[in-house]
>>> print(open('coords.pdb').read())   # PDB, C-alpha atoms
ATOM      1  CA  MET A   1      85.035  64.384  45.158
ATOM      2  CA  GLU A   2      84.681  61.204  47.153
ATOM      3  CA  VAL A   3      87.232  60.554  49.873
ATOM      4  CA  ALA A   4      87.175  57.182  51.588
ATOM      5  CA  ASP A   5      86.904  57.176  55.354
ATOM      6  CA  THR A   6      90.038  55.158  56.089
ATOM      7  CA  ASP A   7      93.123  55.390  58.279
ATOM      8  CA  THR A   8      95.387  58.370  57.817
ATOM      9  CA  LEU A   9      97.575  58.434  54.727
ATOM     10  CA  ILE A  10     100.235  60.536  56.457
ATOM     11  CA  ASP A  11     103.541  58.839  57.241
ATOM     12  CA  PRO A  12     103.416  57.776  60.935
ATOM     13  CA  GLU A  13     106.698  59.489  61.861
ATOM     14  CA  VAL A  14     105.637  62.780  60.228
ATOM     15  CA  SER A  15     102.230  62.501  61.876
ATOM     16  CA  ARG A  16     103.886  61.957  65.276
ATOM     17  CA  ARG A  17     106.154  64.976  64.821
ATOM     18  CA  ILE A  18     103.266  67.213  63.754
ATOM     19  CA  ALA A  19     101.127  66.213  66.741
ATOM     20  CA  GLU A  20     103.990  66.772  69.200
ATOM     21  CA  LYS A  21     104.970  70.160  67.729
ATOM     22  CA  LYS A  22     101.395  71.375  67.519
ATOM     23  CA  ARG A  23     100.870  70.424  71.157
ATOM     24  CA  ARG A  24     103.903  72.467  72.179
ATOM     25  CA  LEU A  25     102.916  75.426  69.996
ATOM     26  CA  ASP A  26      99.354  75.372  71.342
ATOM     27  CA  SER A  27     100.685  75.335  74.909
ATOM     28  CA  ALA A  28     102.595  78.554  74.160
ATOM     29  CA  ARG A  29      99.497  80.418  72.954
ATOM     30  CA  PRO A  30      98.688  83.224  73.034
ATOM     31  CA  LEU A  31     102.041  84.171  71.572
ATOM     32  CA  GLN A  32     103.640  87.468  72.570
ATOM     33  CA  ALA A  33     102.696  90.277  70.186
ATOM     34  CA  ASP A  34     106.276  90.898  68.993
ATOM     35  CA  VAL A  35     106.878  87.194  68.360
ATOM     36  CA  LEU A  36     103.560  86.848  66.543
ATOM     37  CA  ASN A  37     104.160  89.897  64.349
ATOM     38  CA  ARG A  38     107.668  88.776  63.442
ATOM     39  CA  LEU A  39     106.448  85.306  62.515
ATOM     40  CA  ARG A  40     103.510  86.642  60.543
ATOM     41  CA  GLU A  41     105.602  89.040  58.446
ATOM     42  CA  ASP A  42     108.179  86.353  57.695
ATOM     43  CA  VAL A  43     105.568  83.750  56.698
ATOM     44  CA  ARG A  44     103.604  86.315  54.635
ATOM     45  CA  LEU A  45     106.747  87.266  52.692
ATOM     46  CA  ARG A  46     107.984  83.730  52.107
ATOM     47  CA  HIS A  47     104.548  82.402  51.142
ATOM     48  CA  THR A  48     104.067  85.226  48.633
ATOM     49  CA  TYR A  49     107.521  84.766  47.141
ATOM     50  CA  HIS A  50     107.447  80.989  46.814
ATOM     51  CA  SER A  51     103.839  80.754  45.597
ATOM     52  CA  ASN A  52     104.543  83.276  42.846
ATOM     53  CA  ALA A  53     107.946  81.773  41.981
ATOM     54  CA  ILE A  54     106.323  78.369  41.442
ATOM     55  CA  GLU A  55     104.264  80.021  38.693
ATOM     56  CA  GLY A  56     107.279  81.681  37.061
ATOM     57  CA  ASN A  57     107.439  85.077  38.783
ATOM     58  CA  THR A  58     111.009  86.393  38.395
ATOM     59  CA  LEU A  59     111.287  88.516  41.556
ATOM     60  CA  THR A  60     113.785  87.213  44.096
ATOM     61  CA  LEU A  61     112.895  86.904  47.777
ATOM     62  CA  GLN A  62     114.734  90.149  48.553
ATOM     63  CA  GLU A  63     113.079  91.948  45.628
ATOM     64  CA  THR A  64     109.671  90.728  46.786
ATOM     65  CA  LYS A  65     110.469  92.113  50.241
ATOM     66  CA  LEU A  66     111.372  95.516  48.768
ATOM     67  CA  VAL A  67     108.177  95.639  46.716
ATOM     68  CA  LEU A  68     105.986  94.757  49.702
ATOM     69  CA  GLU A  69     107.701  96.812  52.397
ATOM     70  CA  ASN A  70     108.977  99.832  50.473
ATOM     71  CA  GLY A  71     106.831  99.952  47.349
ATOM     72  CA  ILE A  72     109.976  99.906  45.244
ATOM     73  CA  THR A  73     109.783  99.083  41.532
ATOM     74  CA  ILE A  74     112.528  96.666  40.523
ATOM     75  CA  GLY A  75     114.239  97.747  37.325
ATOM     76  CA  GLY A  76     114.024  95.303  34.437
ATOM     77  CA  LYS A  77     111.241  93.251  36.025
ATOM     78  CA  PRO A  78     107.722  93.101  34.461
ATOM     79  CA  LEU A  79     104.859  95.095  35.977
ATOM     80  CA  LYS A  80     102.926  91.813  36.191
ATOM     81  CA  ASP A  81     105.531  90.393  38.584
ATOM     82  CA  HIS A  82     105.131  93.416  40.873
ATOM     83  CA  LEU A  83     101.331  93.109  40.804
ATOM     84  CA  GLU A  84     101.560  89.405  41.616
ATOM     85  CA  ALA A  85     103.708  90.176  44.664
ATOM     86  CA  ILE A  86     101.356  92.878  45.953
ATOM     87  CA  ASN A  87      98.242  90.808  45.231
ATOM     88  CA  GLY A  88      99.758  87.663  46.729
ATOM     89  CA  ALA A  89     100.434  89.450  50.015
ATOM     90  CA  LYS A  90      96.899  90.878  49.997
ATOM     91  CA  GLY A  91      95.596  87.356  49.406
ATOM     92  CA  PHE A  92      97.517  86.170  52.458
ATOM     93  CA  ASP A  93      96.027  89.012  54.519
ATOM     94  CA  LEU A  94      92.590  88.036  53.250
ATOM     95  CA  ILE A  95      92.778  84.382  54.324
ATOM     96  CA  GLU A  96      94.023  85.423  57.759
ATOM     97  CA  GLY A  97      90.967  87.640  58.140
ATOM     98  CA  LEU A  98      88.660  84.928  56.841
ATOM     99  CA  ALA A  99      90.169  82.437  59.291
ATOM    100  CA  ARG A 100      89.578  84.787  62.216
ATOM    101  CA  GLY A 101      86.021  85.480  61.069
ATOM    102  CA  LYS A 102      85.274  81.785  60.655
ATOM    103  CA  LYS A 103      83.579  82.487  57.330
ATOM    104  CA  PRO A 104      82.923  79.190  55.498
ATOM    105  CA  ILE A 105      84.865  78.218  52.419
ATOM    106  CA  ASP A 106      82.214  78.563  49.709
ATOM    107  CA  HIS A 107      81.863  79.885  46.159
ATOM    108  CA  MET A 108      81.970  83.484  47.375
ATOM    109  CA  THR A 109      85.103  82.933  49.470
ATOM    110  CA  ILE A 110      86.910  81.143  46.651
ATOM    111  CA  GLN A 111      86.042  83.819  44.115
ATOM    112  CA  GLU A 112      87.034  86.578  46.544
ATOM    113  CA  VAL A 113      90.477  85.030  46.976
ATOM    114  CA  HIS A 114      90.869  84.739  43.198
ATOM    115  CA  GLU A 115      89.787  88.334  42.646
ATOM    116  CA  THR A 116      92.345  89.514  45.195
ATOM    117  CA  VAL A 117      95.305  87.661  43.684
ATOM    118  CA  THR A 118      94.500  88.448  40.030
ATOM    119  CA  LYS A 119      93.157  92.030  40.294
ATOM    120  CA  GLY A 120      94.704  94.203  37.607
ATOM    121  CA  ILE A 121      96.136  91.110  35.910
ATOM    122  CA  LEU A 122      93.077  89.227  34.588
ATOM    123  CA  GLU A 123      89.950  90.768  33.105
ATOM    124  CA  ASP A 124      87.805  88.028  34.655
ATOM    125  CA  ALA A 125      89.301  88.265  38.150
ATOM    126  CA  GLY A 126      87.010  86.555  40.639
ATOM    127  CA  ARG A 127      84.857  84.797  38.048
ATOM    128  CA  TYR A 128      84.736  81.121  37.114
ATOM    129  CA  ARG A 129      85.781  80.435  33.557
ATOM    130  CA  THR A 130      83.205  80.292  30.789
ATOM    131  CA  GLN A 131      85.411  78.506  28.291
ATOM    132  CA  ASN A 132      87.240  75.216  28.019
ATOM    133  CA  VAL A 133      90.993  75.261  28.559
ATOM    134  CA  ARG A 134      94.019  73.074  28.064
ATOM    135  CA  ILE A 135      97.154  73.181  30.202
ATOM    136  CA  ALA A 136     100.408  73.043  28.247
ATOM    137  CA  GLY A 137     102.385  69.926  29.162
ATOM    138  CA  ALA A 138      99.644  68.456  31.359
ATOM    139  CA  ARG A 139      98.430  64.906  30.761
ATOM    140  CA  LYS A 140      94.963  65.636  32.075
ATOM    141  CA  THR A 141      92.615  68.179  30.522
ATOM    142  CA  PRO A 142      90.527  70.218  33.007
ATOM    143  CA  PRO A 143      86.789  69.446  32.937
ATOM    144  CA  PRO A 144      84.553  71.477  30.609
ATOM    145  CA  TYR A 145      83.348  74.770  32.008
ATOM    146  CA  SER A 146      79.763  73.501  32.051
ATOM    147  CA  LYS A 147      80.707  71.116  34.895
ATOM    148  CA  ILE A 148      82.534  73.630  37.097
ATOM    149  CA  LEU A 149      79.627  74.596  39.349
ATOM    150  CA  LYS A 150      78.659  70.973  40.041
ATOM    151  CA  LEU A 151      82.237  69.906  40.748
ATOM    152  CA  MET A 152      82.875  72.916  42.965
ATOM    153  CA  ASP A 153      79.636  72.210  44.843
ATOM    154  CA  GLU A 154      80.903  68.693  45.546
ATOM    155  CA  LEU A 155      84.326  69.914  46.651
ATOM    156  CA  ILE A 156      82.819  72.534  48.985
ATOM    157  CA  ALA A 157      80.375  69.966  50.415
ATOM    158  CA  SER A 158      83.276  67.610  51.216
ATOM    159  CA  LEU A 159      84.721  70.292  53.522
ATOM    160  CA  LYS A 160      81.516  70.526  55.567
ATOM    161  CA  LYS A 161      81.614  66.846  56.513
ATOM    162  CA  PRO A 162      85.319  66.026  56.440
ATOM    163  CA  LYS A 163      86.201  62.352  56.363
ATOM    164  CA  ARG A 164      89.875  62.894  57.142
ATOM    165  CA  ASN A 165      92.056  64.975  59.453
ATOM    166  CA  PRO A 166      92.591  68.697  58.690
ATOM    167  CA  ILE A 167      95.959  68.295  56.979
ATOM    168  CA  GLU A 168      94.643  65.645  54.625
ATOM    169  CA  MET A 169      91.512  67.689  53.920
ATOM    170  CA  ALA A 170      93.669  70.751  53.170
ATOM    171  CA  ALA A 171      95.603  68.658  50.637
ATOM    172  CA  ILE A 172      92.382  67.293  49.142
ATOM    173  CA  LEU A 173      90.994  70.827  48.804
ATOM    174  CA  HIS A 174      94.251  71.952  47.210
ATOM    175  CA  HIS A 175      94.343  69.150  44.659
ATOM    176  CA  GLY A 176      90.599  69.313  44.023
ATOM    177  CA  LEU A 177      90.651  72.951  43.073
ATOM    178  CA  VAL A 178      93.703  72.545  40.844
ATOM    179  CA  ALA A 179      92.062  69.557  39.117
ATOM    180  CA  ILE A 180      88.766  71.368  38.524
ATOM    181  CA  HIS A 181      90.679  74.446  37.319
ATOM    182  CA  PRO A 182      87.654  76.734  37.846
ATOM    183  CA  PHE A 183      89.483  79.880  36.717
ATOM    184  CA  VAL A 184      91.215  80.650  33.437
ATOM    185  CA  ASP A 185      94.417  81.408  35.371
ATOM    186  CA  GLY A 186      95.564  81.756  38.975
ATOM    187  CA  ASN A 187      94.294  78.363  40.133
ATOM    188  CA  GLY A 188      97.587  77.365  41.756
ATOM    189  CA  ARG A 189      97.905  80.555  43.793
ATOM    190  CA  VAL A 190      94.267  80.290  44.910
ATOM    191  CA  SER A 191      94.678  76.616  45.839
ATOM    192  CA  ARG A 192      97.724  77.324  47.999
ATOM    193  CA  LEU A 193      95.927  80.148  49.800
ATOM    194  CA  LEU A 194      92.689  78.203  50.321
ATOM    195  CA  SER A 195      94.461  75.127  51.677
ATOM    196  CA  ASN A 196      96.217  77.418  54.140
ATOM    197  CA  LEU A 197      92.901  79.008  55.067
ATOM    198  CA  TYR A 198      91.676  75.525  55.933
ATOM    199  CA  LEU A 199      94.804  74.835  57.992
ATOM    200  CA  LEU A 200      94.514  78.154  59.856
ATOM    201  CA  ARG A 201      90.891  77.368  60.690
ATOM    202  CA  HIS A 202      92.039  74.174  62.383
ATOM    203  CA  GLY A 203      94.856  75.691  64.408
ATOM    204  CA  TYR A 204      97.808  74.932  62.132
ATOM    205  CA  PRO A 205     100.262  77.517  60.791
ATOM    206  CA  PRO A 206     100.290  78.149  57.019
ATOM    207  CA  ALA A 207     102.337  75.716  54.940
ATOM    208  CA  ILE A 208     104.857  77.155  52.489
ATOM    209  CA  LEU A 209     105.576  75.157  49.350
ATOM    210  CA  ARG A 210     109.055  76.107  48.179
ATOM    211  CA  LYS A 211     109.878  76.882  44.561
ATOM    212  CA  GLU A 212     112.811  74.453  44.888
ATOM    213  CA  ASP A 213     110.242  71.670  45.293
ATOM    214  CA  ARG A 214     108.255  72.712  42.218
ATOM    215  CA  GLY A 215     109.080  69.492  40.369
ATOM    216  CA  LYS A 216     107.891  67.305  43.253
ATOM    217  CA  TYR A 217     104.802  69.474  43.689
ATOM    218  CA  TYR A 218     103.631  68.985  40.131
ATOM    219  CA  ARG A 219     104.593  65.309  40.092
ATOM    220  CA  TYR A 220     102.550  64.581  43.205
ATOM    221  CA  LEU A 221      99.603  66.582  41.867
ATOM    222  CA  GLY A 222      99.809  64.424  38.732
ATOM    223  CA  GLU A 223      99.779  61.252  40.826
ATOM    224  CA  ALA A 224      96.716  62.563  42.656
ATOM    225  CA  ASP A 225      95.059  63.135  39.280
ATOM    226  CA  ARG A 226      95.573  59.435  38.618
ATOM    227  CA  GLY A 227      93.957  58.468  41.933
ATOM    228  CA  SER A 228      96.972  58.220  44.239
ATOM    229  CA  LEU A 229      96.481  60.917  46.890
ATOM    230  CA  LYS A 230      99.042  59.646  49.399
ATOM    231  CA  PRO A 231     102.186  61.259  47.881
ATOM    232  CA  PHE A 232     100.561  64.694  47.656
ATOM    233  CA  ILE A 233      99.040  64.452  51.135
ATOM    234  CA  ASN A 234     102.463  63.603  52.567
ATOM    235  CA  PHE A 235     104.034  66.446  50.591
ATOM    236  CA  ILE A 236     101.623  68.878  52.274
ATOM    237  CA  ALA A 237     102.082  67.187  55.664
ATOM    238  CA  ARG A 238     105.860  67.643  55.465
ATOM    239  CA  ALA A 239     105.324  71.330  54.638
ATOM    240  CA  VAL A 240     103.084  71.666  57.720
ATOM    241  CA  ASP A 241     105.709  69.884  59.827
ATOM    242  CA  GLU A 242     108.351  72.299  58.552
ATOM    243  CA  SER A 243     106.121  75.298  59.263
ATOM    244  CA  LEU A 244     105.617  74.144  62.843
ATOM    245  CA  THR A 245     109.400  73.865  63.190
ATOM    246  CA  TYR A 246     109.827  77.466  61.981
ATOM    247  CA  HIS A 247     107.191  78.732  64.393
ATOM    248  CA  LEU A 248     108.705  76.927  67.372
ATOM    249  CA  SER A 249     112.184  78.183  66.443
ATOM    250  CA  ALA A 250     111.013  81.707  67.304
ATOM    251  CA  PHE A 251     111.223  80.731  70.982
ATOM    252  CA  GLY A 252     114.920  79.797  70.741
ATOM    253  CA  GLY A 253     116.507  77.410  73.219
ATOM    254  CA  GLU A 254     116.273  73.754  72.187
ATOM    255  CA  ASP A 255     114.043  74.749  69.265
ATOM    256  CA  GLU A 256     116.464  77.242  67.683
ATOM    257  CA  LEU A 257     117.309  76.305  64.107
ATOM    258  CA  LEU A 258     121.024  75.600  63.671
ATOM    259  CA  SER A 259     123.027  74.210  60.765
ATOM    260  CA  LEU A 260     123.724  70.488  60.838
ATOM    261  CA  GLY A 261     127.413  71.361  60.771
ATOM    262  CA  THR A 262     127.032  73.100  64.120
ATOM    263  CA  LEU A 263     124.782  70.416  65.577
ATOM    264  CA  ALA A 264     127.040  67.571  64.418
ATOM    265  CA  GLU A 265     129.737  68.774  66.833
ATOM    266  CA  THR A 266     127.577  67.623  69.761
ATOM    267  CA  THR A 267     126.822  64.160  68.323
ATOM    268  CA  PRO A 268     128.732  60.995  67.395
ATOM    269  CA  TYR A 269     127.702  61.593  63.758
ATOM    270  CA  SER A 270     129.248  63.612  60.955
ATOM    271  CA  GLN A 271     127.523  66.507  59.205
ATOM    272  CA  GLU A 272     127.411  64.396  56.039
ATOM    273  CA  TYR A 273     125.614  61.557  57.805
ATOM    274  CA  LEU A 274     123.084  63.875  59.440
ATOM    275  CA  SER A 275     122.458  65.548  56.058
ATOM    276  CA  LEU A 276     121.832  62.136  54.529
ATOM    277  CA  ARG A 277     119.312  61.269  57.245
ATOM    278  CA  ALA A 278     117.664  64.660  56.736
ATOM    279  CA  ARG A 279     117.302  64.019  52.990
ATOM    280  CA  GLN A 280     115.826  60.601  53.763
ATOM    281  CA  GLY A 281     113.299  62.190  56.115
ATOM    282  CA  LYS A 282     114.647  60.234  59.096
ATOM    283  CA  LEU A 283     115.998  63.311  60.874
ATOM    284  CA  ASP A 284     113.627  66.173  61.590
ATOM    285  CA  ALA A 285     115.275  69.002  59.615
ATOM    286  CA  VAL A 286     114.533  71.823  57.187
ATOM    287  CA  LYS A 287     116.547  73.133  54.266
ATOM    288  CA  ILE A 288     117.275  76.857  54.266
ATOM    289  CA  GLY A 289     118.823  77.772  50.951
ATOM    290  CA  ARG A 290     121.225  74.914  50.324
ATOM    291  CA  VAL A 291     121.997  74.160  53.967
ATOM    292  CA  TRP A 292     120.161  71.701  56.183
ATOM    293  CA  HIS A 293     119.135  72.982  59.605
ATOM    294  CA  SER A 294     117.676  71.240  62.620
ATOM    295  CA  THR A 295     117.287  71.809  66.355
ATOM    296  CA  LYS A 296     119.024  70.523  69.469
ATOM    297  CA  ARG A 297     115.726  68.924  70.473
ATOM    298  CA  ALA A 298     115.407  67.016  67.195
ATOM    299  CA  VAL A 299     119.045  65.903  67.018
ATOM    300  CA  THR A 300     119.110  64.841  70.677
ATOM    301  CA  GLY A 301     115.964  62.805  70.102
ATOM    302  CA  TYR A 302     117.492  61.187  67.015
ATOM    303  CA  VAL A 303     120.674  60.233  68.885
ATOM    304  CA  LYS A 304     118.684  58.711  71.756
ATOM    305  CA  ARG A 305     116.544  56.638  69.384
ATOM    306  CA  HIS A 306     119.551  55.308  67.518
ATOM    307  CA  SER A 307     122.113  54.853  70.266
ATOM    308  CA  GLY A 308     122.955  51.323  71.291
TER     309      GLY A 308
END
>>> encode(input="coords.pdb", output="structure tokens")
Amino acid sequence: MEVADTDTLIDPEVSRRIAEKKRRLDSARPLQADVLNRLREDVRLRHTYHSNAIEGNTLTLQETKLVLENGITIGGKPLKDHLEAINGAKGFDLIEGLARGKKPIDHMTIQEVHETVTKGILEDAGRYRTQNVRIAGARKTPPPYSKILKLMDELIASLKKPKRNPIEMAAILHHGLVAIHPFVDGNGRVSRLLSNLYLLRHGYPPAILRKEDRGKYYRYLGEADRGSLKPFINFIARAVDESLTYHLSAFGGEDELLSLGTLAETTPYSQEYLSLRARQGKLDAVKIGRVWHSTKRAVTGYVKRHSG
């Protein structure tokens, strides 16, 4: 996959926020053990839940938590959904270990991740497909199986001499693997884990793609299929920005996540206006459930930039 060596495709404001938050997070390292463990468990749970839910898994977030932490079987839910939760968490553990070990992303790594997330679910877990496939509802048909090795070689080679910044390369890896579709099933889960492995290797926290954004996710992947990478790259960049916000919120103070209703009381703006600016991407905020949240730091900065 050829990627032109040009200026960043990430929105300048998002890029600025990411750089500033990463600088502050890096300055706080090494994180205290209790803070790190709490963050890790939360991210591991939410990543597993959302990644599986995007693919149609019916377990709720709380049910996923019960399966992972207590080994409880949820009545009325398929065995496959339970296996996907367990395997998804093991896949997350695997990429963390691979990131610490600095093992390169290669055919073996990619197949190991696939084997972990599809063990007990697919007969060919960990093996590239040996048949042609079609994806229901997709406009683009995956390449024939005879081209998989060559295309994967090219994708892996692009990671060794990256022409873009780590966030963009993580998005390119993500889209590239989905487009090649090297496995009969499980490509989406593997892509989300591998892109996070790439991010972890470069000092960024894992990005969580929410099931609520499933429509946008697939639309931007489709645009990337047609040659327009910018929307998907910015989709991933916003997820990284949000992840940095979550990590910094663990320290409390000005970085504590509060509802916009609470924060609006300290500003000249209404909750409705701040929510509008959040939806437009002009206010640094994250949506938790159906409620927008931000921080005192972000809202104070917004007010200063727009006062007078």
>>> resolve_selection(input="coords.pdb", expression="the PyMOL selection byres ((chain A and resi 269-271) around 12)", output="PyMOL selection string")
chain A and resi 259-268+272-278+291-294+299-300+302-303+306-307
>>> residues_around(input="coords.pdb", residues="region 235-244 of chain A", least_positions_apart="2", cutoff="9 Å", atoms="all atoms listed in the file", output="PyMOL selection string")
chain A and resi 10-11+14-15+17-18+21-22+25+43+167-168+170-171+199+204-210+216-217+220+230-233+246-249+284-286
>>> write_last_selection(input="coords.pdb", atoms="C-alpha atoms", output="PDB file, in the coordinates of the input")
ATOM      1  CA  ILE A  10     100.235  60.536  56.457  1.00  0.00           C
ATOM      2  CA  ASP A  11     103.541  58.839  57.241  1.00  0.00           C
ATOM      3  CA  VAL A  14     105.637  62.780  60.228  1.00  0.00           C
ATOM      4  CA  SER A  15     102.230  62.501  61.876  1.00  0.00           C
ATOM      5  CA  ARG A  17     106.154  64.976  64.821  1.00  0.00           C
ATOM      6  CA  ILE A  18     103.266  67.213  63.754  1.00  0.00           C
ATOM      7  CA  LYS A  21     104.970  70.160  67.729  1.00  0.00           C
ATOM      8  CA  LYS A  22     101.395  71.375  67.519  1.00  0.00           C
ATOM      9  CA  LEU A  25     102.916  75.426  69.996  1.00  0.00           C
ATOM     10  CA  VAL A  43     105.568  83.750  56.698  1.00  0.00           C
ATOM     11  CA  ILE A 167      95.959  68.295  56.979  1.00  0.00           C
ATOM     12  CA  GLU A 168      94.643  65.645  54.625  1.00  0.00           C
ATOM     13  CA  ALA A 170      93.669  70.751  53.170  1.00  0.00           C
ATOM     14  CA  ALA A 171      95.603  68.658  50.637  1.00  0.00           C
ATOM     15  CA  LEU A 199      94.804  74.835  57.992  1.00  0.00           C
ATOM     16  CA  TYR A 204      97.808  74.932  62.132  1.00  0.00           C
ATOM     17  CA  PRO A 205     100.262  77.517  60.791  1.00  0.00           C
ATOM     18  CA  PRO A 206     100.290  78.149  57.019  1.00  0.00           C
ATOM     19  CA  ALA A 207     102.337  75.716  54.940  1.00  0.00           C
ATOM     20  CA  ILE A 208     104.857  77.155  52.489  1.00  0.00           C
ATOM     21  CA  LEU A 209     105.576  75.157  49.350  1.00  0.00           C
ATOM     22  CA  ARG A 210     109.055  76.107  48.179  1.00  0.00           C
ATOM     23  CA  LYS A 216     107.891  67.305  43.253  1.00  0.00           C
ATOM     24  CA  TYR A 217     104.802  69.474  43.689  1.00  0.00           C
ATOM     25  CA  TYR A 220     102.550  64.581  43.205  1.00  0.00           C
ATOM     26  CA  LYS A 230      99.042  59.646  49.399  1.00  0.00           C
ATOM     27  CA  PRO A 231     102.186  61.259  47.881  1.00  0.00           C
ATOM     28  CA  PHE A 232     100.561  64.694  47.656  1.00  0.00           C
ATOM     29  CA  ILE A 233      99.040  64.452  51.135  1.00  0.00           C
ATOM     30  CA  TYR A 246     109.827  77.466  61.981  1.00  0.00           C
ATOM     31  CA  HIS A 247     107.191  78.732  64.393  1.00  0.00           C
ATOM     32  CA  LEU A 248     108.705  76.927  67.372  1.00  0.00           C
ATOM     33  CA  SER A 249     112.184  78.183  66.443  1.00  0.00           C
ATOM     34  CA  ASP A 284     113.627  66.173  61.590  1.00  0.00           C
ATOM     35  CA  ALA A 285     115.275  69.002  59.615  1.00  0.00           C
ATOM     36  CA  VAL A 286     114.533  71.823  57.187  1.00  0.00           C
TER      37      VAL A 286
END
>>> closest_residue(input="coords.pdb", among="A:Gly203, A:Gly186, A:Pro162, A:Gly253", to="Gly56 (chain A)", atoms="all atoms listed in the file")
A:Gly186
>>> closest_atom_pairs(input="coords.pdb", of="region 144-260 of chain A", to="region 107-115 of chain A", cutoff="9 Å", atoms="all atoms listed in the file", output="JSON lines")
{"residue": "A:Leu149", "atom": "CA", "partner": "A:His107", "partner_atom": "CA", "distance": 8.9}
{"residue": "A:Met152", "atom": "CA", "partner": "A:His107", "partner_atom": "CA", "distance": 7.7}
{"residue": "A:Asp153", "atom": "CA", "partner": "A:His107", "partner_atom": "CA", "distance": 8.1}
{"residue": "A:Ile156", "atom": "CA", "partner": "A:His107", "partner_atom": "CA", "distance": 7.9}
{"residue": "A:Phe183", "atom": "CA", "partner": "A:His114", "partner_atom": "CA", "distance": 8.2}
{"residue": "A:Gly186", "atom": "CA", "partner": "A:His114", "partner_atom": "CA", "distance": 7.0}
{"residue": "A:Asn187", "atom": "CA", "partner": "A:His114", "partner_atom": "CA", "distance": 7.9}
{"residue": "A:Arg189", "atom": "CA", "partner": "A:His114", "partner_atom": "CA", "distance": 8.2}
{"residue": "A:Val190", "atom": "CA", "partner": "A:His114", "partner_atom": "CA", "distance": 5.9}
{"residue": "A:Leu193", "atom": "CA", "partner": "A:Val113", "partner_atom": "CA", "distance": 7.8}
{"residue": "A:Leu194", "atom": "CA", "partner": "A:Ile110", "partner_atom": "CA", "distance": 7.5}
>>> residues_around(input="coords.pdb", residues="Asp93 (chain A)", least_positions_apart="3", cutoff="12 Å", atoms="only C-alpha atoms", output="VMD selection string")
chain A and resid 40 to 41 43 to 45 47 to 48 86 to 90 96 to 100 113 116 to 117 193 196 to 197 206
>>> resolve_selection(input="coords.pdb", expression="the PyMOL selection byres ((chain A and resi 65) around 12)", output="VMD selection string")
chain A and resid 41 to 49 59 to 64 66 to 74 82 85 to 86 89
>>> resolve_selection(input="coords.pdb", expression="the PyMOL selection byres ((chain A and resi 144) around 12)", output="ChimeraX atom specification")
/A:128-134,141-143,145-151,179-184
>>> atom_distance(input="coords.pdb", atom1="CA of His202 (chain A)", atom2="CA of Pro166 (chain A)")
6.6 Å
